Every structure is written in C-alpha cells, then in structure tokens.
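Visitor: Before anything else, here's the structure in question.
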Amino acid sequence: FMLHGVGQSVLVVFEVCKPSGECYEAGEFYLLGDENELPWTYDRLFKYDITQLVQEVGMHLDDNYDVNYVVYDLAGQSLGSDLFGGVTVVHYPGHMTGKSYFKEVQASSHVRKNLDALTVGEMESLKSALKDMENDGSFEAI
C-alpha cells in the first residue's frame, strides 16, 4: 500500500483471494488522523507479511492470488477499496546464510579435492584406482 493522510482515522481490512474466488482474512491495521492533520504521504510501500496465511491455505507465494482491501471509518462505514491505489505484492525469495539445507555428500567419489591437500591414504587410494583403470581398459574409455 502507498499510504497517505485521509483526514480521519480509518481501519484497513484486507484479504487474500484465490483465483477460484475463495477469500481469506489476511489482516488489518489502523491509520490515525483527523481533519486538522497536514497533508502527508509515505515515500515507501507499507508492507504486511502474508506468508503464513498463504501457506496455511495451501498456496505458494509465487502462485496466482489477489490481495483486496476495504477502508472503513471508525463508525464502520466503508470508504471504498481504492483509497490507496492497487496492492503491490513483494516476494523476497530466501537465500542461504549459514546453515546449509542441502544433503551432505557422503560418498568420497563425489567430493572434489585439491591434489595438494590429499592425505597419504587418499593418494594411495587414487593411485590404486588409476592403476585398476589402466589394467581393465576403462582408463582409455574416458
């Protein structure tokens, strides 16, 4: 939402709607003001996290859905659903910081190492594997 002063205190109620038309209450917030306030507007989007609701209703954040809102005065009268313009959905995909979520590779044949960092046992194992490949002809197939 791009919020701005509306000359009174209001309640903004919004919902997430599936393409099928099913809608789910997503949240609400109050915007305080009165007829004596100076004109104001935010220069950044007001952000509200709907991640948990989207997941609870069986959707993914990158699925198709709409976010609709209605603005009410404090007496409960609707002031409309276009007072703050259209809703912008922003999705920041996660990124790795610290903990790895990939399964650790256990087979040594899948681990790449610097030849200078091999232990004596690893060097012997590598020599033996290369010699076996020479003897059975599989080295030439590579």
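Ligands are numbered from 1 in the order shown, chains are lettered A, B, ... in the order of the structure tokens, and residues start at 1 in each chain.
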Find the spatial neighbours of A:Leu11, counting only C-alpha atoms, within a cut-off of 12 Å - ignore same-chain residues fewer than 6 positions away - and output them as an NGL selection string.
Guide: :A and (27-33 or 69-81 or 83)
Visitor: Take the residues from that selection and put them in a file with C-alpha atoms, as a PDB file, in the first residue's frame.
Guide:
ATOM      1  CA  GLY A  27      -5.026  -8.742   8.324  1.00  0.00           C
ATOM      2  CA  GLU A  28      -5.959  -5.237   9.302  1.00  0.00           C
ATOM      3  CA  PHE A  29      -4.358  -2.056  10.529  1.00  0.00           C
ATOM      4  CA  TYR A  30      -5.458   1.369  11.718  1.00  0.00           C
ATOM      5  CA  LEU A  31      -4.306   4.635  10.213  1.00  0.00           C
ATOM      6  CA  LEU A  32      -4.687   7.513  12.637  1.00  0.00           C
ATOM      7  CA  GLY A  33      -5.615  11.013  11.538  1.00  0.00           C
ATOM      8  CA  TYR A  69      -8.724  -4.262   0.835  1.00  0.00           C
ATOM      9  CA  VAL A  70     -11.550  -2.105   2.135  1.00  0.00           C
ATOM     10  CA  VAL A  71     -11.100   1.104   4.135  1.00  0.00           C
ATOM     11  CA  TYR A  72     -13.618   1.816   6.926  1.00  0.00           C
ATOM     12  CA  ASP A  73     -14.110   4.908   9.043  1.00  0.00           C
ATOM     13  CA  LEU A  74     -14.329   4.405  12.801  1.00  0.00           C
ATOM     14  CA  ALA A  75     -18.126   4.256  12.591  1.00  0.00           C
ATOM     15  CA  GLY A  76     -17.827   1.168  10.341  1.00  0.00           C
ATOM     16  CA  GLN A  77     -18.868   2.887   7.103  1.00  0.00           C
ATOM     17  CA  SER A  78     -16.927   1.774   4.021  1.00  0.00           C
ATOM     18  CA  LEU A  79     -14.835   4.478   2.369  1.00  0.00           C
ATOM     19  CA  GLY A  80     -14.065   2.231  -0.607  1.00  0.00           C
ATOM     20  CA  SER A  81     -11.413  -0.136  -1.839  1.00  0.00           C
ATOM     21  CA  LEU A  83      -8.304   4.906  -1.452  1.00  0.00           C
TER      22      LEU A  83
END
Visitor: Excluding stretch 1-4 of chain A and any residue of its chain fewer than 2 positions from it, enumerate the residues within 7 Å of it, using only C-alpha atoms, and give them as a list in words.
Guide: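 Non-adjacent residues within range: Val6, Trp40, Thr41, Tyr42, Arg44, Leu45, Phe46, Phe84, Val87 and Thr88 of chain A.
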Visitor: Generate the output file for the selected residues, N, CA, C and O atoms, as a CSV table (one decimal), in the first residue's frame.
Guide:
chain,number,residue,atom,x,y,z
A,6,VAL,N,-5.8,10.7,5.1
A,6,VAL,CA,-7.1,10.8,4.5
A,6,VAL,C,-8.0,11.7,5.3
A,6,VAL,O,-9.2,11.7,5.1
A,40,TRP,N,0.0,14.5,4.1
A,40,TRP,CA,1.3,13.7,4.2
A,40,TRP,C,1.1,12.4,3.3
A,40,TRP,O,0.0,12.0,3.0
A,41,THR,N,2.2,11.9,2.9
A,41,THR,CA,2.2,10.6,2.2
A,41,THR,C,3.6,9.9,2.4
A,41,THR,O,4.6,10.5,2.6
A,42,TYR,N,3.5,8.6,2.5
A,42,TYR,CA,4.7,7.8,2.6
A,42,TYR,C,5.4,7.8,1.3
A,42,TYR,O,4.8,7.8,0.2
A,44,ARG,N,7.5,5.2,0.7
A,44,ARG,CA,7.8,3.8,0.5
A,44,ARG,C,6.5,3.0,0.8
A,44,ARG,O,5.6,3.5,1.4
A,45,LEU,N,6.5,1.8,0.2
A,45,LEU,CA,5.4,0.9,0.4
A,45,LEU,C,5.2,0.5,1.9
A,45,LEU,O,6.2,0.3,2.6
A,46,PHE,N,4.0,0.5,2.4
A,46,PHE,CA,3.7,-0.1,3.6
A,46,PHE,C,3.6,-1.6,3.4
A,46,PHE,O,2.9,-2.1,2.5
A,84,PHE,N,-6.1,3.8,-1.5
A,84,PHE,CA,-4.6,3.8,-1.5
A,84,PHE,C,-4.1,3.2,-2.8
A,84,PHE,O,-2.9,2.8,-2.9
A,87,VAL,N,-2.8,-2.8,-4.7
A,87,VAL,CA,-1.9,-3.5,-3.8
A,87,VAL,C,-0.7,-4.0,-4.6
A,87,VAL,O,-0.9,-4.6,-5.7
A,88,THR,N,0.4,-3.9,-4.0
A,88,THR,CA,1.7,-4.4,-4.6
A,88,THR,C,2.1,-5.6,-3.7
A,88,THR,O,2.3,-5.4,-2.5
Visitor: Within stretch 26-122 of chain A, find each residue whose DSSP state, derived from the backbone, is strand (DSSP E or B), and express the selection as a PyMOL selection string.
Guide: chain A and resi 26-31+41+66-73+78-80
Visitor: Neighbours of A:Asp63 within 12 Å (only C-alpha atoms; same-chain residues fewer than 4 positions away dropped), as a list in words?
Guide: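 My reading of the contact set: Val16, Cys17, Lys18, Pro19, Thr51, Val54, Gln55, Val57, Gly58, Met59, Val89 and His91 of chain A.
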Visitor: Write out, as a PDB file, in the first residue's frame, the residues just selected, with N, CA, C and O atoms.
Guide:
ATOM      1  N   VAL A  16      -6.742 -12.155   1.179  1.00  0.00           N
ATOM      2  CA  VAL A  16      -6.065 -12.828   0.066  1.00  0.00           C
ATOM      3  C   VAL A  16      -7.107 -13.716  -0.598  1.00  0.00           C
ATOM      4  O   VAL A  16      -7.797 -14.479   0.070  1.00  0.00           O
ATOM      5  N   CYS A  17      -7.218 -13.599  -1.927  1.00  0.00           N
ATOM      6  CA  CYS A  17      -8.232 -14.361  -2.666  1.00  0.00           C
ATOM      7  C   CYS A  17      -7.576 -15.257  -3.705  1.00  0.00           C
ATOM      8  O   CYS A  17      -6.731 -14.806  -4.486  1.00  0.00           O
ATOM      9  N   LYS A  18      -7.997 -16.530  -3.693  1.00  0.00           N
ATOM     10  CA  LYS A  18      -7.545 -17.488  -4.707  1.00  0.00           C
ATOM     11  C   LYS A  18      -8.247 -17.172  -6.030  1.00  0.00           C
ATOM     12  O   LYS A  18      -9.308 -16.531  -6.034  1.00  0.00           O
ATOM     13  N   PRO A  19      -7.712 -17.656  -7.150  1.00  0.00           N
ATOM     14  CA  PRO A  19      -8.384 -17.448  -8.437  1.00  0.00           C
ATOM     15  C   PRO A  19      -9.807 -18.024  -8.465  1.00  0.00           C
ATOM     16  O   PRO A  19     -10.661 -17.551  -9.193  1.00  0.00           O
ATOM     17  N   THR A  51       2.821 -14.223   4.453  1.00  0.00           N
ATOM     18  CA  THR A  51       3.433 -15.519   4.167  1.00  0.00           C
ATOM     19  C   THR A  51       2.713 -16.671   4.861  1.00  0.00           C
ATOM     20  O   THR A  51       2.360 -17.667   4.227  1.00  0.00           O
ATOM     21  N   VAL A  54      -0.800 -17.411   3.380  1.00  0.00           N
ATOM     22  CA  VAL A  54      -0.716 -18.006   2.047  1.00  0.00           C
ATOM     23  C   VAL A  54      -0.366 -19.487   2.158  1.00  0.00           C
ATOM     24  O   VAL A  54      -0.965 -20.334   1.494  1.00  0.00           O
ATOM     25  N   GLN A  55       0.575 -19.824   3.022  1.00  0.00           N
ATOM     26  CA  GLN A  55       0.961 -21.224   3.203  1.00  0.00           C
ATOM     27  C   GLN A  55      -0.150 -22.034   3.880  1.00  0.00           C
ATOM     28  O   GLN A  55      -0.388 -23.180   3.519  1.00  0.00           O
ATOM     29  N   VAL A  57      -3.319 -21.744   3.619  1.00  0.00           N
ATOM     30  CA  VAL A  57      -4.432 -22.051   2.708  1.00  0.00           C
ATOM     31  C   VAL A  57      -3.967 -22.886   1.520  1.00  0.00           C
ATOM     32  O   VAL A  57      -4.706 -23.070   0.558  1.00  0.00           O
ATOM     33  N   GLY A  58      -2.727 -23.399   1.606  1.00  0.00           N
ATOM     34  CA  GLY A  58      -2.242 -24.339   0.602  1.00  0.00           C
ATOM     35  C   GLY A  58      -1.698 -23.720  -0.669  1.00  0.00           C
ATOM     36  O   GLY A  58      -1.647 -24.380  -1.701  1.00  0.00           O
ATOM     37  N   MET A  59      -1.274 -22.472  -0.593  1.00  0.00           N
ATOM     38  CA  MET A  59      -0.692 -21.820  -1.774  1.00  0.00           C
ATOM     39  C   MET A  59       0.785 -21.549  -1.532  1.00  0.00           C
ATOM     40  O   MET A  59       1.274 -21.639  -0.407  1.00  0.00           O
ATOM     41  N   VAL A  89       2.338  -6.734  -4.325  1.00  0.00           N
ATOM     42  CA  VAL A  89       2.848  -7.886  -3.589  1.00  0.00           C
ATOM     43  C   VAL A  89       4.336  -7.995  -3.884  1.00  0.00           C
ATOM     44  O   VAL A  89       4.744  -8.051  -5.037  1.00  0.00           O
ATOM     45  N   HIS A  91       7.758 -10.225  -3.072  1.00  0.00           N
ATOM     46  CA  HIS A  91       8.217 -11.528  -2.582  1.00  0.00           C
ATOM     47  C   HIS A  91       9.732 -11.551  -2.658  1.00  0.00           C
ATOM     48  O   HIS A  91      10.310 -11.397  -3.723  1.00  0.00           O
TER      49      HIS A  91
END
Visitor: Given only C-alpha atoms as the basis, pick out the residue of A:Ile50, A:Val67, A:Met123, A:Ala141 nearest to A:Gly85.
Guide: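 The closest residue to A:Gly85 is A:Val67.
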Visitor: Can you pull out the residues contacting A:Glu35? Cut-off 9 Å, using only C-alpha atoms, and skip same-chain residues under 3 positions away; I want them as a VMD selection string.
Guide: chain A and resid 6 to 8 38
